[in-house]
Each structure stands twice: as C-alpha cells, then as structure tokens.
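Engineer: Once you've had a glance at the structure underneath, I'll fire off some questions.
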Amino acid sequence: MARNPKITFIGAGSTVFMKNIVGDVLQRPALSGATIALMDLNPQRLEESAIVVNKLISTLGVKAKAETYSDQRKALSGADFVVVAFQIGGYEPCTVTDFEVPKKYGLRQTIADTLGVGGIMRGLRTVPHLWKVCEDMLAVCPEAIMLQYVNPMAINTWAISEKYPTIRQVGLCHSVQGTAMELAHDLDIPYEEIRYRAAGINHMAFYLKFEHRQADGSYRNLYPDLLRAYREGRAPKPGWNPRCPNKVRYEMLTRLGYFVTESSEHFAEYTPYFIKEGRDDLIEKFGIPLDEYPKRCIEQIERWKGQAEAYRSADKIEVKPSKEYASSIINSVWTGEPSVIYGNVRNNGCITSLPTNCAAEVPCLVDASGIQPTFIGDLPPQLTALIRTNINVQELTVQALMTENREHIYHAAMMDPHTAAELDLDQIWSLVDDLLATHGDWLPEWARTSRKVQAA
C-alpha cells in the first residue's frame, strides 16, 4: 500500500493561511490521505486550527488525519514537507515597535516587514527561530522540503542557505501570480490568456515578459497597453484595499520599462523616491498608505474573532482553491507530475547580474527530484541596479546574524534606501540603538545591548 505524505505546519496558529493550504492539499487525490501535523505554541490557536482541519477532512470526505503538537521536534519527526508560517513578536509588541520608534525620527513606513529598519529588525527576530526549525529537521526529517512563508523572505532564505546549506528549502510568496491577476484585470483580459516570465528578488522581481495569447497562438507584448491605460487614467483599477491605489508601480513602469511584482505600498518603502518628510504632495499624488501594516493587523485580529467562532460552530467548511503554490509543489514532488512555480532560492548563478549567494526569486520546475530553479541570465541593467540597493541591506543583515557582529545591523540600516534618504548618520545610529533596546528579549542575545550600553 502506498505511503501517504506527512505535512507539518510550524506556526499552525496562522489558521486562515493554514486552512487555505490544507484545503488545496486535500483536494489533490494523491495527497488526500496525508497526515497533517499542526504545531504551535499558542494552545488556543492550535486547538482552533485542529478544529478547522478536522472539519475540512469531513467536508471533503477524505482519509487524511490531523495531529497536534506543542513540541516542534516531535511535530517534525518523519515529515516529508514542512510549511513554516509564523510571526515572531506578533503585532504587539514587535510590529508596533518597528513603526512607532522610527516615527520619532520622522521615518515613516507602510508595511515594514521586508526591508527598511522594520525589515531588518524582523529578520533579526525571525532567523534564529527558522534556524531552530532547520536544526530539528536535520535531526528528524533531513530529506524534507521546507516551504517557507515567513517575512522578511529574502533575508530568511539567504540566512538558511548560509547556515544550513543542505536543507531543501524554498521561500514562497504569492505576489508574482497575484500581481499578474491584477494586471490582467486592469486590462480586462482573462488571466488564463496571460503568459509571463518574472525574475529578481522577493518583493522586487519584475515581469521580463508580460504577454497575451492571440487566437492564432502567437503572443502580444502587453507593456504598451499597460502604459497607455495608466497614462489615460484607466489603470490601475480599484483593488481589494481602497487605501492602496497601486499608483507607485505604474509610475515605476514609466521610468524602468518593467512592472514590479510586489504591491505599491511595499515598493514605496524599498526606494528613496516616494515617502519623504515634508512632501505630502507625493503621499497624496501616489496614494501611499503610511502605517498600512498596523491597520491590517488590527483589522485581521478583529476579523479572526468572528471567524474562529464561525469555524467552531460550522458543520462544514467551504473549500475554495487558493493561489498559494504549496499544494502544487507537494503534489509534484510526491507524484512526479511536473509543475512550475515562482520560488525564492539561493541564486547560484540563475540571475547572472546578481550575487551568487543572494536569495533570488525565479521560475522553478518542480517534480520528483524537488525544486529546480531555471536560468535567467542578466537582468536589464536598471533593474539589476535597483535590486542591488535592496540586496545590500539583506546581505548586511545576514552577515550580522552569521557573525553575531552588532555593527552590521547599523551598516544594514545605513545602506537602506528609504532610511538613508530621510536620516543622517547620527540619527540612523541612534534609531538602531533605540530599536535594539526596545525589542530587548525578542532579539538574539548578541544583538540586545545597544552600542551605547556596550561602550559604557
């Protein structure tokens, strides 16, 4: 009798996200008997997640089974796939700190989970926990594939490949396919008729090709249509979030000739052009949603209260396909049926104009052999140059983590495009001191003492 896969969720208390992936997995015939191992430190969230998984199993009428764990290594024992989704420090206190402390210096952010001082701090909090997952995997499931859904994605993926190069891992995001769907909607073209190829780093990959399949089987370049729609005010169309009108990326398309895969609210803080003290005209013109992520966190926490109750009392749970890649990857590895996904992996020469050891986001073939990145070559020089400004920050954060050299935290902040555009060197040093002191025990021990304290 064929063995069924064991899929372990670390951070299973991210219930809505976990539900989407489990729902996708259990609808695939080859995976419908999977063991779903749920691990979380929060007993209430773990219980809520177990209720959801068991109701999914009964709704779909499949033979899968759910197990719950508070012990990470036990949850990982014998796993074939490990899905990681957690936020160290949560909304309170850590996200609040990442926004409120920089504000005292006049440094405003939108999302602060990937780059900037917020992204650096999140990386310092998060990577040590991902490394613990890797240690446990090497002990009890060394061949398992880690599907990592944690921000800051590029810093995390890079740090894992540096310290645990044998771990089979991929960082997963939904921005590539999500943005392609948005652009198809902006142009009133069915998404199924779009063909694209994207590459870069997480949250700063670009569509090198974005095309529409014609009736005769040929493909037409859609970039002229996107530019025209923007210039004529037909794009971007209103999206899911009225606070985020998505104008930044269209503006960058007019400057760079290529469209970036992550949202305008993210992109505004990865560059020095849009969020500037005393330039409210820019904030208004491009509709930049300052403090957007804290607002989303509050809304999400509120929404979850009602959602958890609804799941608890529901007999059945509706299962809709999500746009996440996880089930496609698991199915391809398990059955050998090939698929193509966009994944974050060690570059290893896939993008020849970026450093070999950085984390690149590229198309990957997935089959029984695992995740195989495809070769891209050089990116257009203007894209390479912009991406490098973000890689500098990622590299220095990873160096800080690898060497436990606190100085590199300051160097990372100093190189950040948005931070450097707003603050002078003394302000940057002082801001990092304040962030390290405020985060305290959420950071690894070597990072906790500020420079001032250390010097004294």
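Chain lettering (A, B, ...) mirrors the order of the structure tokens, residue numbering begins at 1 for each chain separately, and ligand numbering begins at 1 in order of display.
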Find the spatial neighbours of range 78-87 of chain A, counting only C-alpha atoms, within a cut-off of 8 Å - ignore same-chain residues fewer than 3 positions away - and output them as an NGL selection string.
Structural biologist: :A and (5-12 or 14 or 75 or 90 or 126 or 140-141 or 143-151 or 330)
Engineer: Might you pull out every residue within 9 Å of range 26-32 of chain A, with only C-alpha atoms counted and same-chain residues fewer than 6 positions away left off, and present them as a list of chain:residue names?
Structural biologist: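 What passes the distance filter is A:Asn4, A:Pro5, A:Leu56, A:Ile57, A:Leu60, A:Val62, A:Lys63, A:Ala64, A:Val319, A:Pro321, A:Ser327, A:Ser328, A:Ile330, A:Asn331, A:Trp334, A:Thr335.
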Engineer: Would you mind listing what lies within 8 Å of range 184-194 of chain A as an mmCIF file with all heavy atoms, in the first residue's frame, with only C-alpha atoms counted and same-chain residues fewer than 5 positions away left out?
Structural biologist:
data_model
loop_
_atom_site.group_PDB
_atom_site.id
_atom_site.type_symbol
_atom_site.label_atom_id
_atom_site.label_comp_id
_atom_site.auth_asym_id
_atom_site.auth_seq_id
_atom_site.Cartn_x
_atom_site.Cartn_y
_atom_site.Cartn_z
ATOM 1 N N PHE A 210 5.446 40.062 -20.394
ATOM 2 C CA PHE A 210 4.053 40.033 -19.964
ATOM 3 C C PHE A 210 3.211 40.101 -21.232
ATOM 4 O O PHE A 210 3.152 41.130 -21.897
ATOM 5 C CB PHE A 210 3.742 41.208 -19.024
ATOM 6 C CG PHE A 210 2.501 40.994 -18.214
ATOM 7 C CD1 PHE A 210 2.521 40.184 -17.090
ATOM 8 C CD2 PHE A 210 1.294 41.574 -18.586
ATOM 9 C CE1 PHE A 210 1.370 39.946 -16.351
ATOM 10 C CE2 PHE A 210 0.137 41.350 -17.851
ATOM 11 C CZ PHE A 210 0.175 40.537 -16.728
ATOM 12 N N GLU A 211 2.603 38.967 -21.587
ATOM 13 C CA GLU A 211 2.040 38.826 -22.932
ATOM 14 C C GLU A 211 0.635 38.223 -22.914
ATOM 15 O O GLU A 211 0.257 37.547 -21.965
ATOM 16 C CB GLU A 211 2.944 37.895 -23.770
ATOM 17 C CG GLU A 211 4.384 38.412 -23.898
ATOM 18 C CD GLU A 211 5.343 37.353 -24.463
ATOM 19 O OE1 GLU A 211 5.198 36.166 -24.096
ATOM 20 O OE2 GLU A 211 6.204 37.734 -25.269
ATOM 21 N N HIS A 212 -0.084 38.454 -24.025
ATOM 22 C CA HIS A 212 -1.453 37.943 -24.196
ATOM 23 C C HIS A 212 -1.489 36.978 -25.379
ATOM 24 O O HIS A 212 -1.043 37.328 -26.476
ATOM 25 C CB HIS A 212 -2.409 39.121 -24.449
ATOM 26 C CG HIS A 212 -3.844 38.709 -24.592
ATOM 27 N ND1 HIS A 212 -4.766 39.476 -25.276
ATOM 28 C CD2 HIS A 212 -4.513 37.614 -24.145
ATOM 29 C CE1 HIS A 212 -5.949 38.859 -25.241
ATOM 30 N NE2 HIS A 212 -5.812 37.734 -24.564
ATOM 31 N N ARG A 213 -2.016 35.786 -25.100
ATOM 32 C CA ARG A 213 -2.099 34.790 -26.175
ATOM 33 C C ARG A 213 -3.190 35.194 -27.174
ATOM 34 O O ARG A 213 -4.330 35.479 -26.789
ATOM 35 C CB ARG A 213 -2.411 33.405 -25.594
ATOM 36 C CG ARG A 213 -2.309 32.292 -26.641
ATOM 37 C CD ARG A 213 -2.438 30.896 -26.053
ATOM 38 N NE ARG A 213 -3.782 30.627 -25.562
ATOM 39 C CZ ARG A 213 -4.117 30.461 -24.281
ATOM 40 N NH1 ARG A 213 -3.186 30.523 -23.345
ATOM 41 N NH2 ARG A 213 -5.349 30.221 -23.902
ATOM 42 N N ASP A 225 0.138 48.422 -23.720
ATOM 43 C CA ASP A 225 -1.249 48.565 -23.246
ATOM 44 C C ASP A 225 -1.287 49.046 -21.798
ATOM 45 O O ASP A 225 -2.127 49.876 -21.435
ATOM 46 C CB ASP A 225 -1.999 47.227 -23.332
ATOM 47 C CG ASP A 225 -2.076 46.669 -24.740
ATOM 48 O OD1 ASP A 225 -1.040 46.688 -25.441
ATOM 49 O OD2 ASP A 225 -3.155 46.214 -25.143
ATOM 50 N N LEU A 226 -0.395 48.496 -20.958
ATOM 51 C CA LEU A 226 -0.350 48.917 -19.550
ATOM 52 C C LEU A 226 0.031 50.394 -19.431
ATOM 53 O O LEU A 226 -0.584 51.153 -18.664
ATOM 54 C CB LEU A 226 0.646 48.052 -18.763
ATOM 55 C CG LEU A 226 0.209 46.619 -18.449
ATOM 56 C CD1 LEU A 226 1.384 45.790 -17.930
ATOM 57 C CD2 LEU A 226 -0.941 46.596 -17.437
ATOM 58 N N ALA A 229 -2.903 52.523 -20.630
ATOM 59 C CA ALA A 229 -4.005 52.514 -19.651
ATOM 60 C C ALA A 229 -3.687 53.432 -18.466
ATOM 61 O O ALA A 229 -4.567 54.150 -17.971
ATOM 62 C CB ALA A 229 -4.258 51.092 -19.169
ATOM 63 N N ARG A 234 -7.047 54.819 -16.986
ATOM 64 C CA ARG A 234 -7.881 53.610 -16.920
ATOM 65 C C ARG A 234 -7.288 52.554 -15.991
ATOM 66 O O ARG A 234 -7.946 51.588 -15.623
ATOM 67 C CB ARG A 234 -8.072 53.014 -18.327
ATOM 68 C CG ARG A 234 -8.942 53.867 -19.231
ATOM 69 C CD ARG A 234 -9.129 53.240 -20.614
ATOM 70 N NE ARG A 234 -7.905 53.339 -21.427
ATOM 71 C CZ ARG A 234 -7.163 52.304 -21.793
ATOM 72 N NH1 ARG A 234 -7.491 51.088 -21.425
ATOM 73 N NH2 ARG A 234 -6.081 52.482 -22.538
ATOM 74 N N ALA A 235 -6.028 52.717 -15.657
ATOM 75 C CA ALA A 235 -5.349 51.786 -14.743
ATOM 76 C C ALA A 235 -4.483 52.624 -13.795
ATOM 77 O O ALA A 235 -3.996 53.685 -14.174
ATOM 78 C CB ALA A 235 -4.481 50.805 -15.522
ATOM 79 N N PRO A 236 -4.317 52.145 -12.557
ATOM 80 C CA PRO A 236 -4.869 50.911 -12.006
ATOM 81 C C PRO A 236 -6.348 51.032 -11.654
ATOM 82 O O PRO A 236 -6.796 52.102 -11.257
ATOM 83 C CB PRO A 236 -4.029 50.698 -10.748
ATOM 84 C CG PRO A 236 -3.615 52.088 -10.336
ATOM 85 C CD PRO A 236 -3.458 52.868 -11.611
ATOM 86 N N LYS A 237 -7.077 49.916 -11.786
ATOM 87 C CA LYS A 237 -8.464 49.876 -11.337
ATOM 88 C C LYS A 237 -8.475 49.728 -9.817
ATOM 89 O O LYS A 237 -7.505 49.227 -9.247
ATOM 90 C CB LYS A 237 -9.173 48.675 -11.974
ATOM 91 C CG LYS A 237 -9.467 48.849 -13.452
ATOM 92 C CD LYS A 237 -10.242 47.650 -13.967
ATOM 93 C CE LYS A 237 -10.524 47.808 -15.445
ATOM 94 N NZ LYS A 237 -11.070 46.578 -16.022
#
Engineer: If you run DSSP on the backbone here, which positions in range 119-250 of chain A get alpha helix (DSSP H)? Please write them as JSON, numbers by chain.
Structural biologist: {"A": [119, 120, 121, 122, 123, 124, 125, 126, 127, 128, 129, 130, 131, 132, 133, 134, 135, 136, 137, 138, 139, 140, 153, 154, 155, 156, 157, 158, 159, 160, 161, 162, 163, 175, 176, 177, 178, 179, 180, 181, 182, 183, 184, 185, 186, 223, 224, 225, 226, 227, 228, 229, 230, 231, 247, 248, 249, 250]}
Engineer: Which residues come within 8 Å of Thr261 in chain A, counting only C-alpha atoms, excluding same-chain residues fewer than 2 positions away, as number ranges by chain?
Structural biologist: A: 175-176, 179-180, 203-207, 259, 263
Engineer: Quick one: residues within 10 Å of Tyr105 in chain A, only C-alpha atoms, excluding same-chain residues fewer than 4 positions away - as a ChimeraX atom specification?
Structural biologist: /A:100-101,422-423,427-428,430-431
Engineer: Would you mind exporting all heavy atoms of the selected residues as a short mmCIF file (atom, residue, chain, number, x, y, z; two decimals), in the first residue's frame?
Structural biologist:
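Listing of part_37.cif after writing:
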data_model
loop_
_atom_site.label_atom_id
_atom_site.label_comp_id
_atom_site.auth_asym_id
_atom_site.auth_seq_id
_atom_site.Cartn_x
_atom_site.Cartn_y
_atom_site.Cartn_z
N GLU A 100 6.56 52.57 15.55
CA GLU A 100 6.49 53.75 16.43
C GLU A 100 7.87 54.36 16.73
O GLU A 100 8.00 55.58 16.79
CB GLU A 100 5.77 53.40 17.74
CG GLU A 100 4.28 53.08 17.54
CD GLU A 100 3.51 54.18 16.82
OE1 GLU A 100 3.69 55.36 17.17
OE2 GLU A 100 2.73 53.85 15.90
N VAL A 101 8.88 53.51 16.93
CA VAL A 101 10.22 54.06 17.24
C VAL A 101 10.77 54.88 16.06
O VAL A 101 11.21 56.03 16.25
CB VAL A 101 11.19 52.94 17.70
CG1 VAL A 101 12.61 53.49 17.87
CG2 VAL A 101 10.71 52.32 19.01
N GLU A 422 16.13 59.75 4.36
CA GLU A 422 15.44 60.57 5.36
C GLU A 422 16.32 61.02 6.52
O GLU A 422 16.13 62.09 7.06
CB GLU A 422 14.26 59.77 5.95
CG GLU A 422 13.15 59.47 4.96
CD GLU A 422 12.28 60.69 4.68
OE1 GLU A 422 11.32 60.91 5.41
OE2 GLU A 422 12.59 61.44 3.74
N LEU A 423 17.27 60.15 6.93
CA LEU A 423 18.01 60.40 8.17
C LEU A 423 19.51 60.55 7.93
O LEU A 423 20.05 59.97 6.99
CB LEU A 423 17.80 59.23 9.16
CG LEU A 423 16.35 58.83 9.49
CD1 LEU A 423 16.35 57.72 10.53
CD2 LEU A 423 15.55 60.02 9.98
N GLN A 427 21.44 60.07 13.28
CA GLN A 427 20.05 59.65 13.51
C GLN A 427 19.88 58.14 13.28
O GLN A 427 19.18 57.47 14.02
CB GLN A 427 19.11 60.41 12.56
CG GLN A 427 18.95 61.89 12.89
CD GLN A 427 18.15 62.59 11.81
OE1 GLN A 427 18.45 62.50 10.62
NE2 GLN A 427 17.12 63.30 12.22
N ILE A 428 20.54 57.64 12.23
CA ILE A 428 20.42 56.20 11.92
C ILE A 428 21.00 55.38 13.08
O ILE A 428 20.38 54.41 13.54
CB ILE A 428 21.13 55.86 10.59
CG1 ILE A 428 20.36 56.49 9.43
CG2 ILE A 428 21.23 54.34 10.39
CD1 ILE A 428 21.10 56.43 8.08
N SER A 430 21.39 56.26 16.20
CA SER A 430 20.55 56.43 17.39
C SER A 430 19.25 55.64 17.26
O SER A 430 18.78 55.01 18.23
CB SER A 430 20.27 57.92 17.57
OG SER A 430 19.48 58.13 18.68
N LEU A 431 18.66 55.63 16.06
CA LEU A 431 17.43 54.88 15.82
C LEU A 431 17.66 53.37 16.04
O LEU A 431 16.85 52.71 16.69
CB LEU A 431 16.92 55.14 14.39
CG LEU A 431 15.82 54.21 13.85
CD1 LEU A 431 14.61 54.22 14.77
CD2 LEU A 431 15.43 54.60 12.44
#
Engineer: Using only C-alpha atoms, find the one residue out of A:Ala112, A:Glu232, A:Lys305, A:Val127 that sits nearest to Glu265 in chain A.
Structural biologist: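 Nearest candidate to Glu265 in chain A out of A:Ala112, A:Glu232, A:Lys305, A:Val127: A:Ala112.
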Engineer: Excluding same-chain residues fewer than 3 positions from range 447-449 of chain A, what lies within 10 Å of it counting only C-alpha atoms, as a VMD selection string?
Structural biologist: chain A and resid 124 to 125 400 to 401 404 to 407 409 433 435 to 444 452 to 455
Engineer: Taking N, CA, C and O atoms for each residue, export the selection above as a compact mmCIF listing (two decimals), in the first residue's frame.
Structural biologist:
# COMPACT_ATOMS: atom_id res chain seq x y z
N LEU A 124 16.16 39.94 12.27
CA LEU A 124 16.94 39.58 13.46
C LEU A 124 16.11 38.76 14.44
O LEU A 124 16.62 37.86 15.11
N ARG A 125 14.81 39.06 14.52
CA ARG A 125 13.92 38.30 15.43
C ARG A 125 13.61 36.92 14.88
O ARG A 125 13.43 35.97 15.63
N ALA A 400 25.25 40.11 9.87
CA ALA A 400 25.09 40.36 11.31
C ALA A 400 24.69 39.07 12.02
O ALA A 400 25.25 38.70 13.06
N LEU A 401 23.74 38.35 11.43
CA LEU A 401 23.26 37.10 12.04
C LEU A 401 24.32 36.01 12.04
O LEU A 401 24.48 35.28 13.01
N GLU A 404 27.33 37.38 14.26
CA GLU A 404 26.93 37.97 15.54
C GLU A 404 27.68 39.27 15.81
O GLU A 404 28.03 39.60 16.94
N ASN A 405 27.91 40.00 14.73
CA ASN A 405 28.59 41.29 14.83
C ASN A 405 27.52 42.39 14.76
O ASN A 405 26.94 42.65 13.72
N ARG A 406 27.28 43.02 15.91
CA ARG A 406 26.22 44.02 16.02
C ARG A 406 26.43 45.21 15.09
O ARG A 406 25.48 45.83 14.64
N GLU A 407 27.69 45.52 14.78
CA GLU A 407 27.98 46.66 13.90
C GLU A 407 27.24 46.55 12.57
O GLU A 407 26.81 47.54 11.99
N ILE A 409 24.35 45.51 11.92
CA ILE A 409 22.96 45.96 11.98
C ILE A 409 22.91 47.44 11.60
O ILE A 409 22.05 47.87 10.81
N ASP A 433 19.99 52.01 17.89
CA ASP A 433 20.14 51.85 19.35
C ASP A 433 18.77 51.70 20.01
O ASP A 433 18.54 50.80 20.83
N LEU A 435 15.83 50.93 18.69
CA LEU A 435 15.10 49.72 18.28
C LEU A 435 15.63 48.48 19.01
O LEU A 435 14.85 47.65 19.48
N LEU A 436 16.94 48.38 19.10
CA LEU A 436 17.54 47.22 19.79
C LEU A 436 17.14 47.22 21.27
O LEU A 436 16.80 46.17 21.83
N ALA A 437 17.18 48.39 21.88
CA ALA A 437 16.84 48.48 23.31
C ALA A 437 15.36 48.16 23.54
O ALA A 437 15.00 47.44 24.47
N THR A 438 14.49 48.68 22.65
CA THR A 438 13.04 48.48 22.83
C THR A 438 12.64 47.03 22.57
O THR A 438 11.81 46.47 23.28
N HIS A 439 13.24 46.40 21.57
CA HIS A 439 12.90 45.00 21.28
C HIS A 439 13.41 44.05 22.37
O HIS A 439 12.80 43.01 22.62
N GLY A 440 14.54 44.41 22.98
CA GLY A 440 15.02 43.62 24.12
C GLY A 440 15.08 42.13 23.84
O GLY A 440 15.72 41.66 22.91
N ASP A 441 14.37 41.35 24.67
CA ASP A 441 14.46 39.89 24.64
C ASP A 441 13.91 39.25 23.37
O ASP A 441 14.08 38.05 23.17
N TRP A 442 13.23 39.99 22.54
CA TRP A 442 12.76 39.43 21.27
C TRP A 442 13.91 39.18 20.31
O TRP A 442 13.77 38.44 19.33
N LEU A 443 15.04 39.82 20.56
CA LEU A 443 16.21 39.68 19.68
C LEU A 443 17.16 38.62 20.24
O LEU A 443 17.15 38.33 21.43
N PRO A 444 18.03 38.07 19.36
CA PRO A 444 19.05 37.15 19.88
C PRO A 444 19.96 37.90 20.86
O PRO A 444 20.14 39.10 20.76
N LYS A 452 25.65 52.02 22.84
CA LYS A 452 25.96 52.96 23.94
C LYS A 452 26.23 52.17 25.24
O LYS A 452 27.19 52.39 25.93
N VAL A 453 25.33 51.24 25.53
CA VAL A 453 25.48 50.44 26.75
C VAL A 453 26.76 49.65 26.71
O VAL A 453 27.52 49.57 27.67
N GLN A 454 27.01 49.07 25.53
CA GLN A 454 28.22 48.23 25.37
C GLN A 454 29.47 49.07 25.60
O GLN A 454 30.40 48.64 26.30
N ALA A 455 29.49 50.27 25.01
CA ALA A 455 30.67 51.14 25.13
C ALA A 455 30.89 51.55 26.60
O ALA A 455 32.02 51.63 27.07
Engineer: Under the rule that only C-alpha atoms are counted, which of A:Gln169, A:Gln109, A:Thr403, A:Asn202 is the nearest residue to Leu290 in chain A?
Structural biologist: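 Going through A:Gln169, A:Gln109, A:Thr403, A:Asn202 one by one, the smallest distance to Leu290 in chain A is for A:Gln109.
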Engineer: Show which residues sit within 12 Å of Ser332 in chain A, as an MDAnalysis selection string. Count only C-alpha atoms, and ignore same-chain residues fewer than 6 positions away.
Structural biologist: chainID A and resid 25 28 30:31 325:326 338:341 364:372
Engineer: Could you save those same residues with N, CA and C atoms as a PDB file, in the first residue's frame?
Structural biologist:
ATOM      1  N   VAL A  25      -4.367  21.074  -0.531  1.00  0.00           N
ATOM      2  CA  VAL A  25      -3.688  19.770  -0.488  1.00  0.00           C
ATOM      3  C   VAL A  25      -4.700  18.626  -0.533  1.00  0.00           C
ATOM      4  N   ARG A  28      -6.311  17.306  -3.736  1.00  0.00           N
ATOM      5  CA  ARG A  28      -5.496  16.579  -4.723  1.00  0.00           C
ATOM      6  C   ARG A  28      -5.532  15.092  -4.372  1.00  0.00           C
ATOM      7  N   ALA A  30      -3.767  12.437  -4.862  1.00  0.00           N
ATOM      8  CA  ALA A  30      -2.563  11.749  -4.354  1.00  0.00           C
ATOM      9  C   ALA A  30      -2.222  12.161  -2.923  1.00  0.00           C
ATOM     10  N   LEU A  31      -2.818  13.267  -2.456  1.00  0.00           N
ATOM     11  CA  LEU A  31      -2.464  13.799  -1.131  1.00  0.00           C
ATOM     12  C   LEU A  31      -3.614  13.682  -0.139  1.00  0.00           C
ATOM     13  N   TYR A 325       1.281  28.324  -3.798  1.00  0.00           N
ATOM     14  CA  TYR A 325       1.977  27.276  -4.558  1.00  0.00           C
ATOM     15  C   TYR A 325       2.152  25.964  -3.783  1.00  0.00           C
ATOM     16  N   ALA A 326       1.912  25.976  -2.482  1.00  0.00           N
ATOM     17  CA  ALA A 326       2.305  24.836  -1.638  1.00  0.00           C
ATOM     18  C   ALA A 326       1.768  23.497  -2.141  1.00  0.00           C
ATOM     19  N   PRO A 338       4.970  17.152 -13.177  1.00  0.00           N
ATOM     20  CA  PRO A 338       5.708  18.421 -13.085  1.00  0.00           C
ATOM     21  C   PRO A 338       4.806  19.650 -12.985  1.00  0.00           C
ATOM     22  N   SER A 339       5.336  20.671 -12.353  1.00  0.00           N
ATOM     23  CA  SER A 339       4.661  21.979 -12.322  1.00  0.00           C
ATOM     24  C   SER A 339       5.732  23.062 -12.305  1.00  0.00           C
ATOM     25  N   VAL A 340       5.309  24.291 -12.551  1.00  0.00           N
ATOM     26  CA  VAL A 340       6.235  25.428 -12.496  1.00  0.00           C
ATOM     27  C   VAL A 340       5.710  26.407 -11.456  1.00  0.00           C
ATOM     28  N   ILE A 341       6.575  26.829 -10.563  1.00  0.00           N
ATOM     29  CA  ILE A 341       6.196  27.791  -9.523  1.00  0.00           C
ATOM     30  C   ILE A 341       7.253  28.906  -9.506  1.00  0.00           C
ATOM     31  N   CYS A 364      10.708  28.058 -11.126  1.00  0.00           N
ATOM     32  CA  CYS A 364      11.321  26.779 -10.763  1.00  0.00           C
ATOM     33  C   CYS A 364      10.461  25.642 -11.302  1.00  0.00           C
ATOM     34  N   LEU A 365      11.123  24.633 -11.855  1.00  0.00           N
ATOM     35  CA  LEU A 365      10.446  23.392 -12.223  1.00  0.00           C
ATOM     36  C   LEU A 365      10.383  22.516 -10.969  1.00  0.00           C
ATOM     37  N   VAL A 366       9.220  21.931 -10.715  1.00  0.00           N
ATOM     38  CA  VAL A 366       9.085  21.014  -9.576  1.00  0.00           C
ATOM     39  C   VAL A 366       8.638  19.653 -10.092  1.00  0.00           C
ATOM     40  N   ASP A 367       9.360  18.606  -9.678  1.00  0.00           N
ATOM     41  CA  ASP A 367       8.966  17.230  -9.993  1.00  0.00           C
ATOM     42  C   ASP A 367       9.490  16.323  -8.885  1.00  0.00           C
ATOM     43  N   ALA A 368       9.589  15.032  -9.153  1.00  0.00           N
ATOM     44  CA  ALA A 368      10.016  14.096  -8.106  1.00  0.00           C
ATOM     45  C   ALA A 368      11.410  14.398  -7.574  1.00  0.00           C
ATOM     46  N   SER A 369      12.220  15.114  -8.340  1.00  0.00           N
ATOM     47  CA  SER A 369      13.571  15.476  -7.884  1.00  0.00           C
ATOM     48  C   SER A 369      13.580  16.695  -6.966  1.00  0.00           C
ATOM     49  N   GLY A 370      12.453  17.344  -6.808  1.00  0.00           N
ATOM     50  CA  GLY A 370      12.402  18.523  -5.945  1.00  0.00           C
ATOM     51  C   GLY A 370      12.250  19.813  -6.737  1.00  0.00           C
ATOM     52  N   ILE A 371      12.774  20.889  -6.174  1.00  0.00           N
ATOM     53  CA  ILE A 371      12.597  22.226  -6.743  1.00  0.00           C
ATOM     54  C   ILE A 371      13.858  22.603  -7.508  1.00  0.00           C
ATOM     55  N   GLN A 372      13.700  22.839  -8.814  1.00  0.00           N
ATOM     56  CA  GLN A 372      14.850  23.115  -9.672  1.00  0.00           C
ATOM     57  C   GLN A 372      14.709  24.484 -10.323  1.00  0.00           C
TER      58      GLN A 372
END
Engineer: Pick out the closest residue to Arg243 in chain A from this set: A:Tyr410, A:Tyr293, A:Phe99, A:Phe274. Count only C-alpha atoms.
Structural biologist: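 The shortest atom-to-atom distance to Arg243 in chain A comes from A:Tyr293.
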